[in-house]
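*Asks:* Below is the file protein.txt, which contains compact mmCIF, C-alpha atoms and all ligand atoms.
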```txt
# COMPACT_ATOMS: atom_id res chain seq x y z
CA MET A 212 35.99 81.82 -23.02
CA ASP A 213 35.89 78.29 -21.56
CA ILE A 214 33.73 75.81 -23.45
CA ILE A 215 33.14 72.42 -21.89
CA ILE A 216 31.68 69.44 -23.76
CA LEU A 217 30.02 66.44 -22.11
CA ASP A 218 29.90 63.65 -24.67
CA GLN A 219 30.05 60.51 -22.55
CA ILE A 220 26.47 60.63 -21.31
CA GLU A 221 24.85 57.32 -20.54
CA PHE A 222 21.32 56.66 -21.82
CA ASN A 223 19.89 53.73 -19.94
CA PRO A 224 16.19 54.48 -19.53
CA SER A 225 14.00 52.53 -17.13
CA LEU A 226 11.59 50.33 -19.08
CA LYS A 227 8.96 50.77 -16.38
CA ARG A 228 9.11 54.54 -16.88
CA ILE A 229 8.94 54.23 -20.66
CA PHE A 230 5.92 51.92 -20.60
CA LYS A 231 4.15 54.27 -18.21
CA LYS A 232 4.99 57.35 -20.31
CA LEU A 233 3.83 55.65 -23.53
CA HIS A 234 0.80 53.97 -21.93
CA VAL A 235 1.95 50.58 -23.17
CA LYS A 236 0.35 47.49 -21.60
CA LYS A 237 2.25 44.38 -20.60
CA ASP A 238 2.17 41.48 -23.12
CA SER A 239 0.73 43.69 -25.86
CA ASN A 240 2.08 43.97 -29.42
CA ASN A 241 3.12 47.51 -28.60
CA GLU A 242 5.25 46.25 -25.71
CA VAL A 243 7.30 44.18 -28.18
CA LEU A 244 7.64 47.16 -30.52
CA VAL A 245 8.76 49.49 -27.73
CA LEU A 246 11.29 46.94 -26.42
CA GLU A 247 12.79 46.68 -29.90
CA LEU A 248 12.95 50.46 -30.27
CA VAL A 249 14.55 50.96 -26.85
CA GLU A 250 17.18 48.38 -27.72
CA GLU A 251 17.91 50.13 -31.02
CA ALA A 252 18.04 53.52 -29.30
CA ARG A 253 20.37 52.27 -26.57
CA SER A 254 22.81 50.88 -29.09
CA ILE A 255 23.17 54.06 -31.16
CA SER A 256 22.41 56.94 -28.79
CA ARG A 257 24.99 59.56 -27.91
CA PRO A 258 23.29 62.33 -25.93
CA ARG A 259 25.58 65.31 -25.44
CA ALA A 260 25.75 68.66 -23.70
CA MET A 261 28.00 71.70 -23.79
CA TYR A 262 28.33 74.88 -21.78
CA ALA A 263 30.38 78.00 -21.35
CA ILE A 264 31.26 79.97 -18.25
CA THR A 265 30.47 83.59 -18.92
CA GLY A 266 30.95 86.64 -16.72
CA ILE A 267 28.40 89.43 -16.54
CA ASP A 268 30.31 92.49 -17.69
CA GLU A 269 27.66 95.18 -17.69
CA ARG A 270 24.03 95.73 -16.77
CA ASP A 271 21.48 98.38 -17.56
CA ASP A 272 17.74 98.64 -17.08
CA THR A 273 16.71 96.42 -19.95
CA GLY A 274 19.48 93.89 -20.32
CA VAL A 275 22.89 92.51 -19.50
CA PHE A 276 26.18 91.93 -21.27
CA LEU A 277 27.23 88.31 -21.03
CA GLY A 278 30.88 88.76 -21.94
CA VAL A 279 30.72 91.04 -24.98
CA ILE A 280 27.26 89.88 -26.05
CA ARG A 281 24.24 91.88 -25.04
CA MET A 282 21.06 90.05 -24.02
CA GLU A 283 18.02 92.29 -24.19
CA SER A 284 15.69 91.07 -21.43
CA ARG A 285 14.36 92.86 -18.40
CA VAL A 286 13.49 89.52 -16.76
CA MET A 287 17.07 88.34 -17.22
CA ARG A 288 18.38 91.65 -15.91
CA VAL A 289 16.40 91.22 -12.69
CA ASN A 290 17.14 87.50 -12.36
CA LEU A 291 20.89 88.13 -12.68
CA SER A 292 21.04 91.09 -10.29
CA ASP A 293 23.02 89.19 -7.67
CA VAL A 294 25.16 86.84 -9.75
CA HIS A 295 28.48 87.45 -11.47
CA ARG A 296 28.56 84.52 -13.92
CA VAL A 297 26.17 82.36 -15.92
CA PHE A 298 26.38 79.06 -17.77
CA PRO A 299 25.04 79.29 -21.35
CA TYR A 300 24.28 75.69 -22.38
CA ILE A 301 22.87 73.27 -24.92
CA SER A 302 21.69 69.71 -24.19
CA THR A 303 20.68 67.34 -26.95
CA SER A 304 19.48 63.81 -27.60
CA GLY A 305 22.23 63.71 -30.28
CA LYS A 306 22.20 63.49 -34.06
CA GLU A 307 22.28 59.67 -34.04
CA LEU A 308 18.84 59.43 -32.40
CA TYR A 309 17.56 62.28 -34.58
CA GLU A 310 18.50 60.43 -37.77
CA TRP A 311 17.11 57.19 -36.34
CA THR A 312 13.76 58.88 -35.58
CA GLN A 313 13.67 60.41 -39.07
CA SER A 314 14.20 56.96 -40.58
CA LYS A 315 10.95 55.66 -39.08
CA ASN A 316 8.04 55.85 -41.52
CA GLU A 317 5.23 54.21 -39.62
CA LEU A 318 3.28 56.71 -37.50
CA LEU A 319 3.23 54.87 -34.17
CA GLU A 320 6.85 53.80 -34.49
CA LYS A 321 7.89 57.37 -35.22
CA PHE A 322 5.91 58.64 -32.23
CA TYR A 323 7.55 56.12 -29.89
CA ALA A 324 11.00 56.91 -31.32
CA GLU A 325 10.41 60.63 -30.71
CA GLU A 326 9.35 59.98 -27.11
CA ILE A 327 12.41 57.80 -26.50
CA SER A 328 14.63 60.53 -27.98
CA GLN A 329 13.01 63.02 -25.62
CA MET A 330 14.07 60.81 -22.71
CA ALA A 331 17.64 60.87 -24.06
CA LEU A 332 17.48 64.67 -24.08
CA ARG A 333 16.33 64.60 -20.46
CA ALA A 334 19.28 62.32 -19.60
CA ALA A 335 21.65 64.86 -21.19
CA ASP A 336 20.01 67.76 -19.36
CA GLU A 337 20.06 66.01 -15.98
CA THR A 338 23.70 64.99 -16.45
CA LEU A 339 24.62 68.57 -17.29
CA LEU A 340 22.83 69.95 -14.24
CA SER A 341 24.48 67.42 -11.88
CA HIS A 342 27.86 68.17 -13.45
CA LEU A 343 27.43 71.94 -12.98
CA LYS A 344 26.24 71.56 -9.39
CA GLU A 345 29.09 69.23 -8.41
CA THR A 346 31.87 70.98 -10.31
CA TYR A 347 31.05 74.53 -9.24
CA GLN A 348 29.38 73.77 -5.91
CA LEU A 349 26.24 75.58 -7.02
CA GLY A 350 23.27 75.78 -4.68
CA LYS A 351 19.82 76.28 -6.08
CA THR A 352 19.83 77.17 -9.78
CA ALA A 353 17.34 78.32 -12.40
CA SER A 354 17.33 78.45 -16.18
CA MET A 355 16.05 80.78 -18.88
CA ASN A 356 15.42 79.57 -22.44
CA PRO A 357 15.15 81.81 -25.51
CA GLY A 358 11.60 81.92 -26.81
CA SER A 359 9.92 80.86 -23.59
CA LEU A 360 8.96 84.49 -22.83
CA LYS A 361 8.09 87.51 -24.97
CA ASP A 362 10.73 89.33 -22.94
CA TRP A 363 13.50 87.00 -24.24
CA PRO A 364 12.35 85.96 -27.73
CA ILE A 365 13.51 83.04 -29.83
CA SER A 366 15.71 85.39 -31.92
CA ALA A 367 18.09 85.44 -28.91
CA GLN A 368 19.22 81.98 -30.05
CA THR A 369 21.72 83.69 -32.35
CA SER A 370 23.43 85.44 -29.44
CA LEU A 371 23.30 82.34 -27.29
CA PHE A 372 24.95 80.24 -30.00
CA LYS A 373 27.68 82.92 -30.35
CA LEU A 374 28.43 82.53 -26.65
CA LEU A 375 28.94 78.82 -27.20
CA GLY A 376 31.34 79.07 -30.13
CA ASN A 377 30.48 76.38 -32.68
CA PRO A 378 27.79 74.02 -31.28
CA GLU A 379 27.42 72.27 -34.64
CA GLN A 380 31.04 71.23 -34.64
CA ALA A 381 31.16 70.58 -30.89
CA ILE A 382 28.01 68.49 -30.35
CA GLY A 383 26.24 68.38 -33.73
CA VAL A 384 23.52 70.95 -32.97
CA LYS A 385 22.60 73.19 -35.89
CA LEU A 386 20.67 76.45 -35.60
CA LEU A 387 18.30 76.98 -38.53
CA ASP A 388 17.27 80.39 -39.93
CA SER A 389 13.89 79.80 -38.27
CA MET A 390 15.80 79.70 -34.93
CA LEU A 391 14.77 76.08 -34.41
CA MET A 392 17.48 73.57 -33.63
CA ILE A 393 18.37 70.26 -35.24
CA PRO A 394 18.23 67.69 -33.60
CA ASN A 395 14.72 68.76 -32.58
CA GLN A 396 15.17 67.13 -29.16
CA THR A 397 17.55 69.85 -28.00
CA VAL A 398 17.28 72.61 -25.39
CA SER A 399 19.34 75.77 -25.10
CA GLY A 400 19.45 78.37 -22.37
CA ILE A 401 21.43 79.96 -19.62
CA ARG A 402 21.67 78.52 -16.13
CA PHE A 403 22.45 80.63 -13.10
CA VAL A 404 22.43 80.49 -9.32
CA SER A 405 19.09 81.60 -7.93
CA GLU A 406 18.16 81.16 -4.31
CA SER A 407 14.63 82.46 -4.92
CA GLY A 408 14.18 80.18 -7.96
CA PHE A 409 12.68 81.04 -11.33
CA SER A 410 10.56 79.33 -13.92
CA SER A 411 9.39 80.95 -17.17
CA CYS A 412 6.07 79.16 -16.59
CA GLU A 413 5.32 81.57 -13.73
CA LEU A 414 5.20 84.37 -16.33
CA CYS A 415 3.51 82.38 -19.11
CA PRO A 416 -0.31 82.45 -19.34
CA ARG A 417 -0.55 79.61 -21.87
CA ASP A 418 -3.42 77.24 -21.11
CA ASN A 419 -3.19 73.45 -21.27
CA CYS A 420 0.59 73.23 -21.63
CA SER A 421 1.66 69.68 -20.84
CA HIS A 422 5.19 70.90 -20.00
CA ARG A 423 4.12 73.44 -17.38
CA ARG A 424 6.44 73.30 -14.35
CA ALA A 425 4.99 76.12 -12.23
CA ALA A 426 1.65 77.88 -11.89
CA TYR A 427 1.11 81.15 -13.76
CA ASP A 428 1.34 84.18 -11.48
CA GLN A 429 -0.39 87.09 -13.21
CA ASN A 430 1.03 89.65 -10.77
CA LEU A 431 4.65 88.56 -10.88
CA LEU A 432 5.65 90.56 -13.96
CA LYS A 433 4.41 93.79 -12.37
CA THR A 434 5.65 93.15 -8.84
CA LYS A 435 9.10 91.76 -9.61
CA TYR A 436 10.11 92.59 -13.18
CA GLN A 437 8.88 96.10 -14.00
S1 LIG A 501 3.79 77.01 -19.55
FE1 LIG A 501 4.54 75.75 -21.24
S2 LIG A 501 4.87 77.22 -22.92
FE2 LIG A 501 4.72 78.40 -21.04
S3 LIG A 501 6.85 78.65 -20.37
FE3 LIG A 501 6.00 76.83 -19.30
S4 LIG A 501 6.60 75.10 -20.62
FE4 LIG A 501 6.84 76.98 -21.86
```
How does the structure come out when it is put into structure tokens?
*Replies:*
Amino acid sequence: MDIIILDQIEFNPSLKRIFKKLHVKKDSNNEVLVLELVEEARSISRPRAMYAITGIDERDDTGVFLGVIRMESRVMRVNLSDVHRVFPYISTSGKELYEWTQSKNELLEKFYAEEISQMALRAADETLLSHLKETYQLGKTASMNPGSLKDWPISAQTSLFKLLGNPEQAIGVKLLDSMLMIPNQTVSGIRFVSESGFSSCELCPRDNCSHRRAAYDQNLLKTKYQ
């Protein structure tokens, strides 16, 4: 199994974007605090990503075998009907920013540090996606993340981590017994080519989710995935 690590990811966030995201006004005390935090974050951050290239060896009605590891998910089974390989992946803000955020005791400072770390995670995720698209000449892609749907629960993290070998050693991401990951600003999933596109949000009825990327379609599960 090929495992590829991206550990030279630049984190150079736009200050304009940060101030907008954090609702910080020009010439305020908070502006000075955020500038200091961004400078600290820039100097220590090491966002990272890793992925594997995994063939789909077998399929049945309720799941697929990614290599020798079975993933129980009807939604995945349908989404992967026309592809022959997937890219299991992890992107992370990195343990340096995690420890830095943990070291902040004051509430507002900790909140800003967490938001800045989230931007580092996004930088890692965007770098990984561009790398995959350029390296493998992928067209449109989609991603599935364990725990985002009842159909592919958070317990699938164990299988996903197995596909990636030793993420803790490779990029410093630890999987806890609770299935949460440390650093907390980390995402895991599988990416695959999908001309029709897919977002878990289309199958998720949760109200008021600030991370929603697509509207909930209450008929989709029945019409496409059953
Ligand atoms: S709506 Fe929110 S909780 Fe539901 S899948 Fe999308 S991001 Fe996750």
*Asks:* Find the residue from A:Lys361, A:Lys435, A:Arg285, A:Arg402 that sits nearest to ligand LIG 501 (chain A); use only C-alpha atoms and all ligand atoms when measuring.
*Replies:* A:Lys361
*Asks:* So which one's closest to ligand LIG 501 (chain A), A:Ser302, A:Thr397, A:Asn419, A:Ser389? Using all atoms listed in the file, please.
*Replies:* A:Asn419
*Asks:* Go through A:Leu343, A:Cys415, A:Ala335, A:Val245 and flag the residue nearest Ile215 of chain A, using all atoms listed in the file for the distances.
*Replies:*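 So, comparing all the options, the nearest one is A:Leu343.
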*Asks:* One number please: atom CA of Lys236 of chain A to atom CA of Ser328 of chain A, in Å, one decimal.
*Replies:* 20.4 Å
*Asks:* Ranking A:Leu414, A:Ile216, A:Met330, A:Leu432 by minimum distance to Ser256 of chain A and counting only C-alpha atoms, which one comes first?
*Replies:*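 Closest candidate: A:Met330.
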*Asks:* Please list as a ChimeraX atom specification every residue within 12 Å of Leu387 of chain A, counting only C-alpha atoms and excluding residues in the same chain fewer than 3 positions away.
*Replies:* /A:365-366,368-369,372,379,384,390-395
*Asks:* Of the residues A:Tyr427, A:Tyr300, A:Tyr436, A:Tyr262, which is the one nearest to ligand LIG 501 (chain A), using all atoms listed in the file?
*Replies:* A:Tyr427
*Asks:* Which residues, written as a ChimeraX atom specification, have at least one atom at most 10 Å from Val294 of chain A, with all atoms listed in the file counted and residues fewer than 2 positions away on the same chain left out?
*Replies:* /A:266-267,290-292,296-297,403-405
*Asks:* Could I get the residue neighbourhood of ligand LIG 501 (chain A) at 7 Å, counting all atoms listed in the file, as a list of chain:residue names?
*Replies:*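 Checked against 7 Å with all atoms listed in the file; the hits are A:Ser359, A:Leu360, A:Ser411, A:Cys412, A:Cys415, A:Pro416, A:Arg417, A:Cys420, A:Ser421, A:His422, A:Arg423, A:Arg424.
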*Asks:* Take atom CA of Met282 of chain A and atom CA of Pro258 of chain A and report the distance between them in Å, one decimal.
*Replies:*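 So the two atoms, atom CA of Met282 of chain A and atom CA of Pro258 of chain A, lie 27.9 Å apart.
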